[in-house]
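Visitor: Before I ask anything, let me first share the structure, which is written out below as structure tokens.
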Amino acid sequence: MLYSFIIPVFNRPDEVDELLESLTRQELKDFEVVVVEDGSTKTCKEVCDKYAGMLDLHYYYKENSGPGQSRNYGAERASGRWLIVLDSDVVLPEGYLANVDKELFLQGDSAAVRKEKAQVSAWGGPDAAHPDFTPIQKAISYSMTSFFTTGGIRGGKAKLDKFYPRSFNMGILRDVYIELGGFSKMRFGEDIDFSYRMVEAGHRTCLLPSAWVWHKRRTDFRKFFRQVYNSGVARINLSKRHPGTLKMVHLLPAVFTVGVIGLLMLSAFAVLWLLPLLLYSFIIFVDSSVRNRSLWVGLLSIPAAFTQLMGYGLGFIGAWWKRCVLGSEELSPCGKSEDERKAFENNFYG
């Protein structure tokens, strides 16, 4: 077996249905699918049974432990040379696996690129919004991928050095996965932690631009805020685990957050202080409207952008204060210490 898809899921049978349906339409068929139900109360067992005759599919149910440990559980039971980790909220285009295969097996590349790819132990792919996604999902997708929010760092340009794959769409050599012991018990940011550990161990990672997926992300701004807040917390935890990985780009949302709060306070004395925020909002509106061909999505992209940047910034600042100033232990989602794990399912999966 060449490829094994590892899919952890928690209370999302409808999403799994869409993902499995997209797997049945893959041009390349040399793969198995391992679905790991992470303690769901609303399981996808019936959905998986529906595809049992169409896919080489293996379904497992286990007590809740979070997506990282569920991926490890699936990897232990997979047989593929390459483990492809996906989130349950992605959908694959028909040529996804064929594109992965073409990239990994060096078809049509220059000698220099072939030499570099031959040393790759893990890869990641970008994500995009499907035309059928809701306007809010499209706005959130824009905020996570736009140059004006994240600097476009979440995938786009093909590069073969210092790319850190994310768990919504990443492939790992099985031998390397076993060597590193899989994902850690971090409650958030465990995928970046795994990528850092790969690079630190001397393994090469890369971006495969053609291995993209449609990614639904969160369905409303409240859930989106919680997600990006946790990402800000995770960034501080990661900087403690992996000294030297905190870069200037990771500080920008915190700077943005402080700037927005400062401008809002100053606007109480002179409304002109709101002009920078209005200009930024206008840029987001125009760029997103053009990219999504929708004025409504463009309008929704304004709160999405502020939610993305300020949610991350607040999580980052709070975790920095607790860990770097007060000296607290590693924080779990929503800024709680690791011994405060209650409501983890709501914090992560919500």
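Chains: A, B, ... in order of the structure tokens. Residues: from 1 per chain. Ligands: from 1, in order shown.
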Determine, counting only C-alpha atoms, which protein, DNA and RNA residues have an atom within 10 Å of an atom of A:His203; residues of the same chain fewer than 3 positions away are not included. Present the result as a short mmCIF file (atom, residue, chain, number, x, y, z; two decimals) with N, CA and C atoms, in the first residue's frame.

Guide:
data_model
loop_
_atom_site.label_atom_id
_atom_site.label_comp_id
_atom_site.auth_asym_id
_atom_site.auth_seq_id
_atom_site.Cartn_x
_atom_site.Cartn_y
_atom_site.Cartn_z
N GLN A 119 14.67 13.88 -1.21
CA GLN A 119 15.04 13.90 0.20
C GLN A 119 13.86 14.31 1.10
N VAL A 120 12.70 14.53 0.53
CA VAL A 120 11.56 15.01 1.30
C VAL A 120 10.98 13.90 2.17
N SER A 121 10.76 14.22 3.44
CA SER A 121 10.15 13.28 4.39
C SER A 121 8.70 13.63 4.69
N ALA A 122 8.32 14.86 4.43
CA ALA A 122 6.95 15.30 4.70
C ALA A 122 6.62 16.48 3.81
N VAL A 176 9.32 7.94 9.16
CA VAL A 176 9.65 9.17 9.89
C VAL A 176 8.64 9.40 11.01
N SER A 195 5.99 19.32 12.90
CA SER A 195 6.80 19.81 11.78
C SER A 195 8.14 20.34 12.27
N TYR A 196 8.11 21.08 13.38
CA TYR A 196 9.37 21.58 13.95
C TYR A 196 10.28 20.42 14.33
N ARG A 197 9.71 19.39 14.95
CA ARG A 197 10.52 18.26 15.37
C ARG A 197 11.13 17.52 14.18
N MET A 198 10.39 17.47 13.08
CA MET A 198 10.94 16.85 11.87
C MET A 198 12.15 17.61 11.37
N VAL A 199 12.01 18.92 11.27
CA VAL A 199 13.10 19.75 10.77
C VAL A 199 14.30 19.68 11.72
N GLU A 200 14.03 19.74 13.02
CA GLU A 200 15.11 19.68 14.00
C GLU A 200 15.84 18.34 13.96
#

Visitor: Run DSSP on the backbone and give me the residues of stretch 1-149 of chain A it puts in alpha helix (DSSP H), as a PyMOL selection string.

Guide: chain A and resi 13-24+45-50+67-76+96-104+111-117+135-145

Visitor: What are the DSSP strand (DSSP E) residues of stretch 6-254 of chain A, as JSON, numbers by chain?

Guide: {"A": [6, 7, 8, 9, 31, 32, 33, 34, 35, 36, 37, 38, 57, 58, 59, 60, 61, 62, 82, 83, 84, 85, 86, 90, 91, 120, 121, 122, 123, 124, 127, 128, 169, 170, 171, 172, 173, 204, 205, 206, 207, 213, 214, 215]}

Visitor: Can you tell me how far atom CA of A:Gly189 sits from atom CA of A:Ala234, in Å to one decimal?

Guide: 5.3 Å

Visitor: So that I can see what lies close to stretch 78-80 of chain A, please list as an mmCIF file with N, CA, C and O atoms, in the first residue's frame the residues with an atom at most 8 Å from it, counting only C-alpha atoms and leaving out residues fewer than 4 positions away in the same chain.

Guide:
data_model
loop_
_atom_site.group_PDB
_atom_site.id
_atom_site.type_symbol
_atom_site.label_atom_id
_atom_site.label_comp_id
_atom_site.auth_asym_id
_atom_site.auth_seq_id
_atom_site.Cartn_x
_atom_site.Cartn_y
_atom_site.Cartn_z
ATOM 1 N N MET A 1 0.846 -1.189 0.000
ATOM 2 C CA MET A 1 0.000 0.000 0.000
ATOM 3 C C MET A 1 0.888 1.249 0.000
ATOM 4 O O MET A 1 1.786 1.360 0.823
ATOM 5 N N LEU A 2 0.603 2.171 -0.921
ATOM 6 C CA LEU A 2 1.441 3.358 -1.040
ATOM 7 C C LEU A 2 0.970 4.493 -0.135
ATOM 8 O O LEU A 2 1.773 5.151 0.530
ATOM 9 N N TYR A 3 -0.355 4.738 -0.073
ATOM 10 C CA TYR A 3 -0.877 5.873 0.685
ATOM 11 C C TYR A 3 -1.951 5.419 1.683
ATOM 12 O O TYR A 3 -2.802 4.585 1.352
ATOM 13 N N SER A 4 -1.911 6.013 2.865
ATOM 14 C CA SER A 4 -2.966 5.819 3.867
ATOM 15 C C SER A 4 -3.473 7.193 4.292
ATOM 16 O O SER A 4 -2.693 8.023 4.767
ATOM 17 N N ILE A 6 -5.351 9.371 6.957
ATOM 18 C CA ILE A 6 -5.700 9.316 8.378
ATOM 19 C C ILE A 6 -6.636 10.478 8.676
ATOM 20 O O ILE A 6 -6.271 11.645 8.505
ATOM 21 N N PHE A 31 -4.731 3.460 -2.369
ATOM 22 C CA PHE A 31 -4.770 4.050 -1.037
ATOM 23 C C PHE A 31 -5.810 3.367 -0.171
ATOM 24 O O PHE A 31 -6.724 2.688 -0.664
ATOM 25 N N GLU A 32 -5.639 3.518 1.131
ATOM 26 C CA GLU A 32 -6.638 3.109 2.112
ATOM 27 C C GLU A 32 -7.056 4.327 2.916
ATOM 28 O O GLU A 32 -6.377 5.354 2.910
ATOM 29 N N VAL A 34 -8.321 5.498 6.811
ATOM 30 C CA VAL A 34 -8.465 5.141 8.224
ATOM 31 C C VAL A 34 -9.192 6.286 8.924
ATOM 32 O O VAL A 34 -8.647 7.383 9.073
ATOM 33 N N GLY A 74 -4.657 6.177 14.485
ATOM 34 C CA GLY A 74 -4.873 5.738 13.110
ATOM 35 C C GLY A 74 -3.587 5.309 12.427
ATOM 36 O O GLY A 74 -3.556 4.319 11.685
ATOM 37 N N ARG A 174 5.880 7.108 6.604
ATOM 38 C CA ARG A 174 5.519 6.312 7.772
ATOM 39 C C ARG A 174 6.729 6.078 8.686
ATOM 40 O O ARG A 174 6.626 6.176 9.909
#

Visitor: Counting only C-alpha atoms, which residues of stretch 131-235 of chain A sit at most 12 Å from some atom of stretch 316-320 of chain A, and what is each one's closest atom pair with its distance in Å to one decimal, listed by chain and rising residue number, as a tab-separated table?

Guide:
residue	atom	partner	partner_atom	distance
A:Val228	CA	A:Phe316	CA	9.6
A:Tyr229	CA	A:Phe316	CA	7.4
A:Asn230	CA	A:Phe316	CA	8.4
A:Ser231	CA	A:Phe316	CA	7.9
A:Gly232	CA	A:Phe316	CA	4.1
A:Val233	CA	A:Phe316	CA	5.1
A:Ala234	CA	A:Phe316	CA	7.9
A:Arg235	CA	A:Phe316	CA	6.8

Visitor: Using only C-alpha atoms, which of the listed residues (A:Arg241, A:Arg71, A:Lys247, A:Arg12) sits closest to A:Ser40?

Guide: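 Closest residue, counting only C-alpha atoms: A:Arg12.
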
Visitor: Give one line per residue of stretch 159-231 of chain A that approaches stretch 49-67 of chain A to at most 12 Å, naming the two atoms of the closest pair and their distance in Å to one decimal, counting only C-alpha atoms; sort by chain then ascending residue number and deliver it as JSON lines.

Guide:
{"residue": "A:Ser167", "atom": "CA", "partner": "A:Pro67", "partner_atom": "CA", "distance": 9.4}
{"residue": "A:Phe168", "atom": "CA", "partner": "A:Pro67", "partner_atom": "CA", "distance": 10.7}
{"residue": "A:Gly182", "atom": "CA", "partner": "A:Pro67", "partner_atom": "CA", "distance": 11.7}
{"residue": "A:Phe183", "atom": "CA", "partner": "A:Pro67", "partner_atom": "CA", "distance": 9.1}
{"residue": "A:Ser184", "atom": "CA", "partner": "A:Pro67", "partner_atom": "CA", "distance": 10.4}
{"residue": "A:Lys185", "atom": "CA", "partner": "A:Gly66", "partner_atom": "CA", "distance": 8.4}
{"residue": "A:Met186", "atom": "CA", "partner": "A:Gly66", "partner_atom": "CA", "distance": 9.1}
{"residue": "A:Arg187", "atom": "CA", "partner": "A:Gly66", "partner_atom": "CA", "distance": 6.9}
{"residue": "A:Phe188", "atom": "CA", "partner": "A:Gly66", "partner_atom": "CA", "distance": 9.1}
{"residue": "A:Gly189", "atom": "CA", "partner": "A:Pro67", "partner_atom": "CA", "distance": 10.8}
{"residue": "A:Glu190", "atom": "CA", "partner": "A:Pro67", "partner_atom": "CA", "distance": 9.0}
{"residue": "A:Asp191", "atom": "CA", "partner": "A:Pro67", "partner_atom": "CA", "distance": 9.7}

Visitor: Closest to A:His130 among A:Gln227, A:Asn292, A:Asn99, A:Glu76, using only C-alpha atoms?

Guide: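 Among the listed residues, the smallest separation from A:His130 belongs to A:Asn292.
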
Visitor: Taking 6 positions as the minimum chain separation for residues in the same chain, which residues sit within 10 Å of A:Arg218 when counting only C-alpha atoms? Answer as a list in words.

Guide: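 That gives Asp89, Ile136, Gln137, Ile140, Ser141, Phe224, Phe225, Arg226, Gln227, Tyr349 and Gly350 of chain A.
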
Visitor: Which residue gives the smallest distance to A:Arg222 among A:Leu326, A:Ala304, A:Ala98, A:Leu83, with only C-alpha atoms counted?

Guide: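 Result for the nearest residue to A:Arg222: A:Ala304.
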
Visitor: Just checking: using only C-alpha atoms, which residue out of A:Val100, A:Leu208, A:Asn237, A:Tyr73 ends up closest to A:Ser328?

Guide: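 Looking only at the distances to A:Ser328, the closest residue turns out to be A:Asn237.
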